[in-house]
Amino acid sequence: MIAQAPSGGLTPPHFSAMRTRMSRVAEFFGRRLFAHAVVNERLVEKIRELSSRGTVIYVLRSNSFVDYFMVNYVLRREGLSLPVFANGVSSVALAPLPEVLRAVRDVLARKLGRGAPVATDHDLCARAVAAGQPVLIFMRGPRGRRGPAAGEETTAGRVGADYLREILAGARDDGRERFIVPLAPFRGHTFRRREAGVSALVYNVHETPSEWRKLLTYWFYAKDLFLTVGTEVCVGDFVRRYGSDGEDRLVRRLTRAIQIFLHREERVVMGPAILPRKRMKTLILEDDETRSFIAKLAVESGVDEAKLRKQAEGIFEEMAARFNGRVFAAVAWLFKKIWGRMFQGLEPIGFDKVIEKVKNHPIVLVPCHRSHFDYLILSYLFYLHFVSPPHIAAGINMSFWPMSPIFRASGAYFIRRSFGDDELYKYVFRRYLQFLIREGYSQEFFIEGGRSRTGKIMTPKLGMLAGIVGAYASGVRRELYLVPVSIHYGRIVEEDAYQAELGGAEKEPESFAALMRARRFLKQKYGTIYISFADPISLGDELGERKQRFVEKAGDPEVEEEKRRFIQRLGFRILRDVNAAAVAGATSISATVLLGAPKWGFRYRDFRERANALGELTRFLGIVPTGSLARNAGNFRESISFLGTNGLIEVLQRGREEVLVVKQGRRLALDFYKNNLIHAFLVPSLLTSCLREGIAVSGLSERIWWWLDLFRYEFPLPVRKELAGTIERLLGYYRQVGALSGDELVESHPLVAATLNVLQNFREAYYITALAINGQLGPDGMTQKALVEDVRRHYKTSLLLGEVSKPEGSSDAIFRDALSRYAELGFIRTEQRGRAGRERWVQRGDSWAKLEEFVMELDESLRVHTEAARR
């Protein structure tokens with residue numbers, strides 16, 4: 001028998017016992033095949049902990065010597081206990097030559113009747129488990145094995161079920177704890193396809209390949225192998241929970257639990273099957289529902305059915321993704337090279353809970369949108385963790401040559417910015433979304449529509465969310481999860497471009513030439529990226545009984561209005577969740593303090609005190625700090641160096657005193673980083689400013705809500721009924737740290753100084769916008785573009801006169817938001833004019849007479865803050 005086996009194993013060791021020592025040939029192949037195989041460190045520790053508490057029983061789906069070899073190599077490498085028994089395999093091929101010869105001798109002796117009787121495999125497995133030794137069970141027999149009597153293939157679960165039966169029987173007899181731990185080996189990052197041909201030559205987990213085919217695949221994908229460790233099943237708990245079941249039913253129940261795990265792990269990695277594009281188009285556009293819709297539309301529009309069908313096919317071709325695993329792998333490889341040059345690291349937070357949802361249901365990722373890198377960053381994260389990447393809804397502006405086919409091959413599908421009254425386009429879009437949801441693809445879309453040039457999250461564009469809700473409500477899936485995602489950059493690549501656009505420059509359209517000019521960014525460093533996932537939102541739970549009503553009474557004005565309000569509330573909830581998941585970075589806190597300073601120069605000691613005060617406030621608010629914030633706590637030296645090196649500030653020396661100065665023309669760039677975290681300081685800043693204005697504590701809730709309501713186009717508002725509780729908690733914190741004495745503000749406290757002017761640029765921008773409208777908008781009105789230019793000139797003049805103090809308030813984005821809010825308040829109204837309604841015209845609104853009083857109210861508040869800043 002084989003001499004080499006784990007300590008304390010079966011005596012003598014079974015020929016299937018895993019090897020602590022292998023032959024030189026086996027070691028060579030093991031290093032070549034499995035040296036890069038990944039297993040999560042946390043899961044390794046979990047196995048180690050389970051081994052200390054009881055007996056570990058590993059299970060794999062199908063009998064395979066190659067998988068056995070991989071598991072042996074990885075478990076040995078990680079220092080974990082090796083199974084002393086495995087059904088249907090032998091480790092002799094891995095043994096050194098002397099042990100192979102001894103094994104051959106023992107086999108010959110038994111055949112000649114000279115060896116000792118050998119117990120059955122089932123008895124040996126049960127004996128090893130009873131002795132507390134780990135074993136490995138293959139749930140299915142080897143590929144192509146025939147049954148001993150019937151000459152038919154063994155059924156899928158029969159082989160493993162027999163061993164589980166023995167283990168369950170033993171669990172009733174002794175007090176030892178036993179843990180069944182499913183294992184699933186995978187290779188590569190790709191979707192699988194539902195078609196024969198070249199793709200069928202590549203091994204995937206949904207079939208049982210030959211050993212040679214699997215060996216070649218593992219060889220080819222040696223750097224992409226990984227071993228997934230599933231959630232353990234405690235046999236004792238399982239028996240106690242289902243103790244009333246008969247033995248056969250108990251075995252079937254346990255076997256099914258293991259098979260469900262393996263199926264779910266495969267779903268995470270492989271994703272849904274990718275249909276050939278032609279087949280996909282047929283399913284979406286050539287069914288009875290589509291024929292009926294086109295026939296009805298032809299009657300209503302007077303356009304020939306054949307022409308409408310051709311238009312529908314053109315829309316599908318313009319829109320649909322064409323995922324290609326090989327192209328995606330090439331893009332991921334290139335992105336990895338770029339990544340190493342530009343970024344220091346990638347830190348996911350809360351990714352595990354997303355993976356758990358992917359195992360059972362389709363998900364829709366809803367990240368904030370601050371950079372073009374957002375399109376790739378989540379797909380890259382999924383790639384790194386061996387999870388099938390999402391399909392990404394991208395604007396049609398991203399469909400430029402030669403990147404369009406590459407983006408499509410990486411999972412992007414392109415949609416127009418506006419659908420207008422194009423009913424055919426709306427229909428094809430809805431059917432495409434239904435297809436993606438029904439098939440179970442993960443998706444991703446940006447609820448803000450475009451990239452945020454200001455750094456804060458923008459008000460939601462609800463068209464895509466409405467499409468998702470409508471497609472899901474049609475009943476194509478039982479459940480769907482929306483996952484809000486916050487993406488935090490140490491530094492943004494588009495920094496200069498955003499500053500120019502906010503100052504009034506035209507946005508440069510996406511093009512290959514622009515992409516080539518962006519190569520200079522490869523020479524710079526942009527810090528660490530944090531990707532934070534909020535708790536997934538169950539769309540089924542959110543809709544509840546509305547789901548059926550939205551479908552059955554579609555078109556009913558009352559129901560459509562209810563649906564609109566539901567989507568709006570859901571959109572703002574997603575934005576709040578994105579903000580709640582955001583991390584606190586040192587750059588954001590530094591920018592908030594620097595831009596809140598009353599003068600251009602800022603003593604370092606004052607900066608340090610205020611930055612630390614904001615850092616402590618974020619901890620009180622429960623916001624996860626970045627590594628840079630943790631390192632900077634106390635002196636913020638690293639942050640100052642980072643901002644100085646990147647040309648945002650300069651440090652002047654005056655004797656022994658250091659003075660920090662934001663560089664001329666760089667305040668808008670710095671404002672981007674301030675706005676990354678401004679949602680956290682929104683209510684604290686309003687609390688400080690309202691107390692500074694002399695508002696009584698009893699009136700804080702009403703006054704703070706007045707400001708929040710005014711800025712509803714700037715920030716996702718907190719839930720109003722929760723505002724009073726938030727204010728009460730903040731008042732308690734202010735008293736705790738000494739920023740509030742009784743109900744009186746301690747104006748010299750660093751927290752008061754740091755939070756007082758956080759929103760000053762918004763106050764000034766809204767004030768100047770209202771002032772310009774009041775003075776410039778005549779009875780005949782003017783174009784919005786001309787009005788924004790007037791507001792910008794007015795703001796510049798006010799800066800020179802000292803009427804406003806924050807140059808970053810001169811932002812076209814804030815001016816446009818202010819106009820939208822004033823239109824809601826009735827001070828102005830807007831309408832589309834000109835060719836195809838492309839020109840927006842602004843006129844006086846129904847509440848025009850109230851505008852002057854509103855301007856005076858803003859002016860009074862502004863004076864209070866200006867006087868406080870001067871002191």
# chains A, B, ... in the order shown; residues from 1 in each chain; ligands from 1
>>> residues_around(residues="Ser452 in chain A", least_positions_apart="2", cutoff="6 Å", atoms="only C-alpha atoms", output="PyMOL selection string")
chain A and resi 370+454-455
>>> residues_around(residues="range 67-78 of chain A", least_positions_apart="4", cutoff="10 Å", atoms="only C-alpha atoms", output="PyMOL selection string")
chain A and resi 16-22+26-27+29-31+33-39+41+44-45+47-48+58+60-63+82-83+86+89-91+93-94+136+138+183-186+211+214-215+218+225-227
>>> write_last_selection(atoms="C-alpha atoms", output="PDB file, in the first residue's frame")
ATOM      1  CA  SER A  16      -6.668   7.567  -2.876  1.00  0.00           C
ATOM      2  CA  ALA A  17      -5.130   9.533   0.030  1.00  0.00           C
ATOM      3  CA  MET A  18      -3.843  12.907  -1.079  1.00  0.00           C
ATOM      4  CA  ARG A  19      -0.088  13.411  -1.261  1.00  0.00           C
ATOM      5  CA  THR A  20       2.138  15.521   0.952  1.00  0.00           C
ATOM      6  CA  ARG A  21       5.061  14.474  -1.260  1.00  0.00           C
ATOM      7  CA  MET A  22       4.897  13.905  -5.019  1.00  0.00           C
ATOM      8  CA  ALA A  26       4.020  15.450 -10.666  1.00  0.00           C
ATOM      9  CA  GLU A  27       5.670  18.437  -8.985  1.00  0.00           C
ATOM     10  CA  PHE A  29       3.141  19.553 -13.797  1.00  0.00           C
ATOM     11  CA  GLY A  30       1.641  20.787 -10.532  1.00  0.00           C
ATOM     12  CA  ARG A  31       3.727  23.967 -10.623  1.00  0.00           C
ATOM     13  CA  LEU A  33      -0.775  23.939 -13.896  1.00  0.00           C
ATOM     14  CA  PHE A  34      -1.724  25.091 -10.413  1.00  0.00           C
ATOM     15  CA  ALA A  35       0.955  27.437  -9.056  1.00  0.00           C
ATOM     16  CA  HIS A  36      -1.255  30.448  -9.883  1.00  0.00           C
ATOM     17  CA  ALA A  37      -4.531  28.853  -8.774  1.00  0.00           C
ATOM     18  CA  VAL A  38      -6.337  31.288  -6.479  1.00  0.00           C
ATOM     19  CA  VAL A  39      -8.298  30.478  -3.346  1.00  0.00           C
ATOM     20  CA  GLU A  41      -7.571  33.706   2.007  1.00  0.00           C
ATOM     21  CA  VAL A  44      -8.742  29.130   3.669  1.00  0.00           C
ATOM     22  CA  GLU A  45      -8.995  30.386   7.240  1.00  0.00           C
ATOM     23  CA  ILE A  47     -11.523  25.621   6.408  1.00  0.00           C
ATOM     24  CA  ARG A  48      -8.740  25.749   8.975  1.00  0.00           C
ATOM     25  CA  TYR A  58     -14.979  18.017   0.777  1.00  0.00           C
ATOM     26  CA  LEU A  60     -16.758  18.063  -5.879  1.00  0.00           C
ATOM     27  CA  ARG A  61     -19.317  17.801  -8.671  1.00  0.00           C
ATOM     28  CA  SER A  62     -17.764  15.211 -11.012  1.00  0.00           C
ATOM     29  CA  ASN A  63     -15.073  12.584 -10.665  1.00  0.00           C
ATOM     30  CA  LEU A  82      -5.397  16.598   3.176  1.00  0.00           C
ATOM     31  CA  PRO A  83      -8.198  14.068   2.620  1.00  0.00           C
ATOM     32  CA  ALA A  86     -11.412   9.999  -2.200  1.00  0.00           C
ATOM     33  CA  VAL A  89      -9.523   7.998  -7.897  1.00  0.00           C
ATOM     34  CA  SER A  90      -6.005   6.921  -7.048  1.00  0.00           C
ATOM     35  CA  SER A  91      -3.049   9.130  -6.159  1.00  0.00           C
ATOM     36  CA  ALA A  93       0.231   8.455 -10.443  1.00  0.00           C
ATOM     37  CA  LEU A  94       1.439  11.354  -8.267  1.00  0.00           C
ATOM     38  CA  LEU A 136     -13.171  13.960  -0.533  1.00  0.00           C
ATOM     39  CA  PHE A 138     -17.140  13.153  -5.934  1.00  0.00           C
ATOM     40  CA  LEU A 183     -15.514  22.889  -3.800  1.00  0.00           C
ATOM     41  CA  ALA A 184     -15.765  24.196  -7.362  1.00  0.00           C
ATOM     42  CA  PRO A 185     -12.680  24.592  -9.585  1.00  0.00           C
ATOM     43  CA  PHE A 186     -12.958  27.126 -12.411  1.00  0.00           C
ATOM     44  CA  GLU A 211      -9.618  14.399 -18.663  1.00  0.00           C
ATOM     45  CA  LYS A 214      -9.727  19.468 -19.112  1.00  0.00           C
ATOM     46  CA  LEU A 215      -5.945  19.091 -18.740  1.00  0.00           C
ATOM     47  CA  TYR A 218      -6.132  24.087 -17.366  1.00  0.00           C
ATOM     48  CA  LEU A 225      -7.494  29.042 -12.333  1.00  0.00           C
ATOM     49  CA  PHE A 226      -9.242  29.379  -9.021  1.00  0.00           C
ATOM     50  CA  LEU A 227     -10.943  27.212  -6.435  1.00  0.00           C
TER      51      LEU A 227
END
>>> closest_residue(among="A:Ser486, A:Tyr242, A:Ile363, A:Asp541", to="Ile468 in chain A", atoms="only C-alpha atoms")
A:Ile363
>>> select_by_dssp(residues="range 716-862 of chain A", states="strand (DSSP E)", output="PDB file with N, CA, C and O atoms, in the first residue's frame")
ATOM      1  N   LEU A 740     -20.916  73.454  20.832  1.00  0.00           N
ATOM      2  CA  LEU A 740     -22.173  74.058  21.259  1.00  0.00           C
ATOM      3  C   LEU A 740     -22.169  74.085  22.789  1.00  0.00           C
ATOM      4  O   LEU A 740     -21.904  73.073  23.439  1.00  0.00           O
ATOM      5  N   SER A 741     -22.434  75.257  23.333  1.00  0.00           N
ATOM      6  CA  SER A 741     -22.530  75.413  24.778  1.00  0.00           C
ATOM      7  C   SER A 741     -23.987  75.706  25.109  1.00  0.00           C
ATOM      8  O   SER A 741     -24.477  76.820  24.863  1.00  0.00           O
ATOM      9  N   GLU A 744     -25.987  77.684  22.484  1.00  0.00           N
ATOM     10  CA  GLU A 744     -25.198  78.747  21.864  1.00  0.00           C
ATOM     11  C   GLU A 744     -24.014  78.171  21.088  1.00  0.00           C
ATOM     12  O   GLU A 744     -23.292  77.306  21.589  1.00  0.00           O
ATOM     13  N   LEU A 745     -23.825  78.655  19.880  1.00  0.00           N
ATOM     14  CA  LEU A 745     -22.722  78.191  19.031  1.00  0.00           C
ATOM     15  C   LEU A 745     -21.398  78.754  19.548  1.00  0.00           C
ATOM     16  O   LEU A 745     -21.292  79.941  19.847  1.00  0.00           O
ATOM     17  N   MET A 782     -35.497  85.591 -22.859  1.00  0.00           N
ATOM     18  CA  MET A 782     -34.215  85.412 -23.536  1.00  0.00           C
ATOM     19  C   MET A 782     -33.856  83.932 -23.528  1.00  0.00           C
ATOM     20  O   MET A 782     -34.464  83.137 -22.810  1.00  0.00           O
ATOM     21  N   THR A 783     -32.871  83.578 -24.324  1.00  0.00           N
ATOM     22  CA  THR A 783     -32.446  82.173 -24.348  1.00  0.00           C
ATOM     23  C   THR A 783     -31.741  81.824 -23.038  1.00  0.00           C
ATOM     24  O   THR A 783     -31.129  82.682 -22.390  1.00  0.00           O
ATOM     25  N   ILE A 828     -39.697  81.886 -13.008  1.00  0.00           N
ATOM     26  CA  ILE A 828     -39.502  81.884 -14.461  1.00  0.00           C
ATOM     27  C   ILE A 828     -40.231  80.675 -15.046  1.00  0.00           C
ATOM     28  O   ILE A 828     -40.678  79.782 -14.310  1.00  0.00           O
ATOM     29  N   ARG A 829     -40.331  80.646 -16.345  1.00  0.00           N
ATOM     30  CA  ARG A 829     -40.810  79.443 -17.036  1.00  0.00           C
ATOM     31  C   ARG A 829     -39.972  79.265 -18.301  1.00  0.00           C
ATOM     32  O   ARG A 829     -39.428  80.242 -18.847  1.00  0.00           O
ATOM     33  N   THR A 830     -39.843  78.040 -18.734  1.00  0.00           N
ATOM     34  CA  THR A 830     -39.016  77.757 -19.910  1.00  0.00           C
ATOM     35  C   THR A 830     -39.846  77.043 -20.963  1.00  0.00           C
ATOM     36  O   THR A 830     -40.833  76.367 -20.651  1.00  0.00           O
ATOM     37  N   GLU A 831     -39.459  77.220 -22.203  1.00  0.00           N
ATOM     38  CA  GLU A 831     -40.105  76.520 -23.309  1.00  0.00           C
ATOM     39  C   GLU A 831     -39.077  76.295 -24.407  1.00  0.00           C
ATOM     40  O   GLU A 831     -38.047  76.979 -24.465  1.00  0.00           O
ATOM     41  N   GLN A 832     -39.349  75.290 -25.232  1.00  0.00           N
ATOM     42  CA  GLN A 832     -38.450  74.960 -26.335  1.00  0.00           C
ATOM     43  C   GLN A 832     -38.870  75.733 -27.581  1.00  0.00           C
ATOM     44  O   GLN A 832     -40.056  75.755 -27.945  1.00  0.00           O
ATOM     45  N   ARG A 833     -37.900  76.376 -28.225  1.00  0.00           N
ATOM     46  CA  ARG A 833     -38.168  77.121 -29.447  1.00  0.00           C
ATOM     47  C   ARG A 833     -37.128  76.764 -30.493  1.00  0.00           C
ATOM     48  O   ARG A 833     -36.231  75.968 -30.270  1.00  0.00           O
ATOM     49  N   GLU A 839     -33.730  75.088 -28.935  1.00  0.00           N
ATOM     50  CA  GLU A 839     -33.346  76.285 -28.193  1.00  0.00           C
ATOM     51  C   GLU A 839     -34.290  76.459 -27.002  1.00  0.00           C
ATOM     52  O   GLU A 839     -35.501  76.511 -27.155  1.00  0.00           O
ATOM     53  N   ARG A 840     -33.694  76.550 -25.788  1.00  0.00           N
ATOM     54  CA  ARG A 840     -34.511  76.735 -24.590  1.00  0.00           C
ATOM     55  C   ARG A 840     -34.650  78.226 -24.305  1.00  0.00           C
ATOM     56  O   ARG A 840     -33.666  78.937 -24.202  1.00  0.00           O
ATOM     57  N   TRP A 841     -35.904  78.646 -24.153  1.00  0.00           N
ATOM     58  CA  TRP A 841     -36.221  80.066 -23.968  1.00  0.00           C
ATOM     59  C   TRP A 841     -36.745  80.273 -22.554  1.00  0.00           C
ATOM     60  O   TRP A 841     -37.559  79.500 -22.054  1.00  0.00           O
ATOM     61  N   VAL A 842     -36.260  81.311 -21.880  1.00  0.00           N
ATOM     62  CA  VAL A 842     -36.654  81.601 -20.497  1.00  0.00           C
ATOM     63  C   VAL A 842     -37.500  82.874 -20.474  1.00  0.00           C
ATOM     64  O   VAL A 842     -37.110  83.897 -21.050  1.00  0.00           O
ATOM     65  N   GLN A 843     -38.641  82.778 -19.798  1.00  0.00           N
ATOM     66  CA  GLN A 843     -39.528  83.931 -19.655  1.00  0.00           C
ATOM     67  C   GLN A 843     -39.955  84.081 -18.197  1.00  0.00           C
ATOM     68  O   GLN A 843     -39.741  83.199 -17.378  1.00  0.00           O
ATOM     69  N   ARG A 844     -40.553  85.228 -17.894  1.00  0.00           N
ATOM     70  CA  ARG A 844     -41.048  85.445 -16.542  1.00  0.00           C
ATOM     71  C   ARG A 844     -42.183  84.469 -16.231  1.00  0.00           C
ATOM     72  O   ARG A 844     -43.028  84.197 -17.070  1.00  0.00           O
TER      73      ARG A 844
END
>>> select_by_dssp(residues="range 766-806 of chain A", states="alpha helix (DSSP H)", output="CSV table (one decimal) with N, CA, C and O atoms, in the first residue's frame")
chain,number,residue,atom,x,y,z
A,766,TYR,N,-26.8,80.8,-6.2
A,766,TYR,CA,-28.3,81.0,-6.2
A,766,TYR,C,-28.7,82.4,-6.1
A,766,TYR,O,-29.7,82.9,-6.7
A,767,TYR,N,-28.0,83.2,-5.2
A,767,TYR,CA,-28.3,84.6,-5.0
A,767,TYR,C,-28.0,85.4,-6.3
A,767,TYR,O,-28.9,86.2,-6.7
A,768,ILE,N,-26.8,85.2,-6.9
A,768,ILE,CA,-26.5,85.9,-8.1
A,768,ILE,C,-27.4,85.6,-9.2
A,768,ILE,O,-27.8,86.4,-10.0
A,769,THR,N,-27.8,84.3,-9.3
A,769,THR,CA,-28.7,83.9,-10.4
A,769,THR,C,-30.0,84.6,-10.2
A,769,THR,O,-30.6,85.1,-11.2
A,770,ALA,N,-30.5,84.6,-9.0
A,770,ALA,CA,-31.8,85.3,-8.8
A,770,ALA,C,-31.7,86.8,-9.0
A,770,ALA,O,-32.6,87.4,-9.6
A,771,LEU,N,-30.6,87.4,-8.6
A,771,LEU,CA,-30.3,88.8,-8.8
A,771,LEU,C,-30.3,89.1,-10.3
A,771,LEU,O,-30.8,90.1,-10.8
A,772,ALA,N,-29.6,88.3,-11.1
A,772,ALA,CA,-29.4,88.5,-12.5
A,772,ALA,C,-30.8,88.4,-13.3
A,772,ALA,O,-31.1,89.1,-14.2
A,773,ILE,N,-31.5,87.4,-12.9
A,773,ILE,CA,-32.9,87.2,-13.5
A,773,ILE,C,-33.7,88.4,-13.2
A,773,ILE,O,-34.4,89.0,-14.1
A,774,ASN,N,-33.7,88.9,-12.0
A,774,ASN,CA,-34.5,90.0,-11.6
A,774,ASN,C,-34.1,91.3,-12.4
A,774,ASN,O,-35.0,92.1,-12.7
A,775,GLY,N,-32.8,91.4,-12.7
A,775,GLY,CA,-32.4,92.6,-13.3
A,775,GLY,C,-32.3,92.5,-14.9
A,775,GLY,O,-32.4,93.5,-15.5
A,776,GLN,N,-32.2,91.3,-15.4
A,776,GLN,CA,-31.9,91.1,-16.8
A,776,GLN,C,-33.0,90.6,-17.6
A,776,GLN,O,-33.1,90.8,-18.8
A,784,GLN,N,-31.8,80.6,-22.7
A,784,GLN,CA,-31.2,80.1,-21.4
A,784,GLN,C,-29.7,80.3,-21.6
A,784,GLN,O,-29.0,80.7,-20.6
A,785,LYS,N,-29.1,80.0,-22.7
A,785,LYS,CA,-27.7,80.2,-22.9
A,785,LYS,C,-27.2,81.6,-22.7
A,785,LYS,O,-26.2,81.8,-22.0
A,786,ALA,N,-28.0,82.6,-23.2
A,786,ALA,CA,-27.6,84.0,-23.0
A,786,ALA,C,-27.8,84.4,-21.5
A,786,ALA,O,-27.0,85.1,-21.0
A,787,LEU,N,-28.8,83.8,-20.9
A,787,LEU,CA,-29.1,84.1,-19.5
A,787,LEU,C,-27.9,83.6,-18.6
A,787,LEU,O,-27.5,84.3,-17.7
A,788,VAL,N,-27.5,82.4,-18.9
A,788,VAL,CA,-26.4,81.8,-18.1
A,788,VAL,C,-25.1,82.6,-18.3
A,788,VAL,O,-24.4,82.9,-17.3
A,789,GLU,N,-24.9,83.1,-19.5
A,789,GLU,CA,-23.7,84.0,-19.8
A,789,GLU,C,-23.8,85.3,-18.9
A,789,GLU,O,-22.8,85.8,-18.4
A,790,ASP,N,-25.1,85.9,-18.9
A,790,ASP,CA,-25.3,87.1,-18.1
A,790,ASP,C,-25.0,86.8,-16.6
A,790,ASP,O,-24.4,87.6,-15.9
A,791,VAL,N,-25.5,85.6,-16.1
A,791,VAL,CA,-25.3,85.3,-14.7
A,791,VAL,C,-23.8,85.1,-14.4
A,791,VAL,O,-23.3,85.6,-13.4
A,792,ARG,N,-23.0,84.5,-15.4
A,792,ARG,CA,-21.6,84.3,-15.2
A,792,ARG,C,-20.9,85.7,-15.1
A,792,ARG,O,-20.0,85.9,-14.3
A,793,ARG,N,-21.3,86.6,-16.0
A,793,ARG,CA,-20.7,88.0,-15.9
A,793,ARG,C,-21.0,88.7,-14.6
A,793,ARG,O,-20.2,89.4,-14.0
A,794,HIS,N,-22.2,88.5,-14.2
A,794,HIS,CA,-22.7,89.2,-13.0
A,794,HIS,C,-21.9,88.6,-11.8
A,794,HIS,O,-21.5,89.4,-10.9
A,795,TYR,N,-21.7,87.3,-11.8
A,795,TYR,CA,-20.9,86.7,-10.7
A,795,TYR,C,-19.5,87.2,-10.7
A,795,TYR,O,-18.9,87.5,-9.6
A,796,LYS,N,-18.9,87.4,-11.8
A,796,LYS,CA,-17.5,87.8,-11.9
A,796,LYS,C,-17.4,89.3,-11.4
A,796,LYS,O,-16.5,89.6,-10.6
A,797,THR,N,-18.4,90.1,-11.7
A,797,THR,CA,-18.4,91.5,-11.2
A,797,THR,C,-18.6,91.5,-9.7
A,797,THR,O,-17.9,92.3,-9.0
A,798,SER,N,-19.5,90.7,-9.2
A,798,SER,CA,-19.7,90.6,-7.8
A,798,SER,C,-18.5,90.2,-7.0
A,798,SER,O,-18.2,90.6,-5.9
A,799,LEU,N,-17.7,89.3,-7.6
A,799,LEU,CA,-16.4,88.9,-7.0
A,799,LEU,C,-15.5,90.1,-6.8
A,799,LEU,O,-14.9,90.3,-5.8
A,800,LEU,N,-15.4,90.9,-7.9
A,800,LEU,CA,-14.5,92.0,-7.8
A,800,LEU,C,-15.0,93.0,-6.8
A,800,LEU,O,-14.2,93.7,-6.2
A,801,LEU,N,-16.3,93.1,-6.6
A,801,LEU,CA,-16.8,94.1,-5.6
A,801,LEU,C,-16.9,93.6,-4.2
A,801,LEU,O,-17.2,94.3,-3.3
>>> atom_distance(atom1="CA of Phe238 in chain A", atom2="CA of Ala131 in chain A")
20.3 Å
>>> closest_residue(among="A:Thr255, A:Gln434, A:Ser641, A:Ser388", to="Gly475 in chain A", atoms="only C-alpha atoms")
A:Gln434
>>> atom_distance(atom1="CA of Ala471 in chain A", atom2="CA of Ile437 in chain A")
7.7 Å
>>> closest_residue(among="A:Arg252, A:Arg478, A:Lys461, A:Arg692", to="Val864 in chain A", atoms="only C-alpha atoms")
A:Arg692
>>> atom_distance(atom1="CA of Glu347 in chain A", atom2="CA of Thr726 in chain A")
29.5 Å
>>> residues_around(residues="Glu495 in chain A", least_positions_apart="3", cutoff="12 Å", atoms="only C-alpha atoms", output="PyMOL selection string")
chain A and resi 370-372+452-455+489-492+498-502+521+526+646-648+666-673
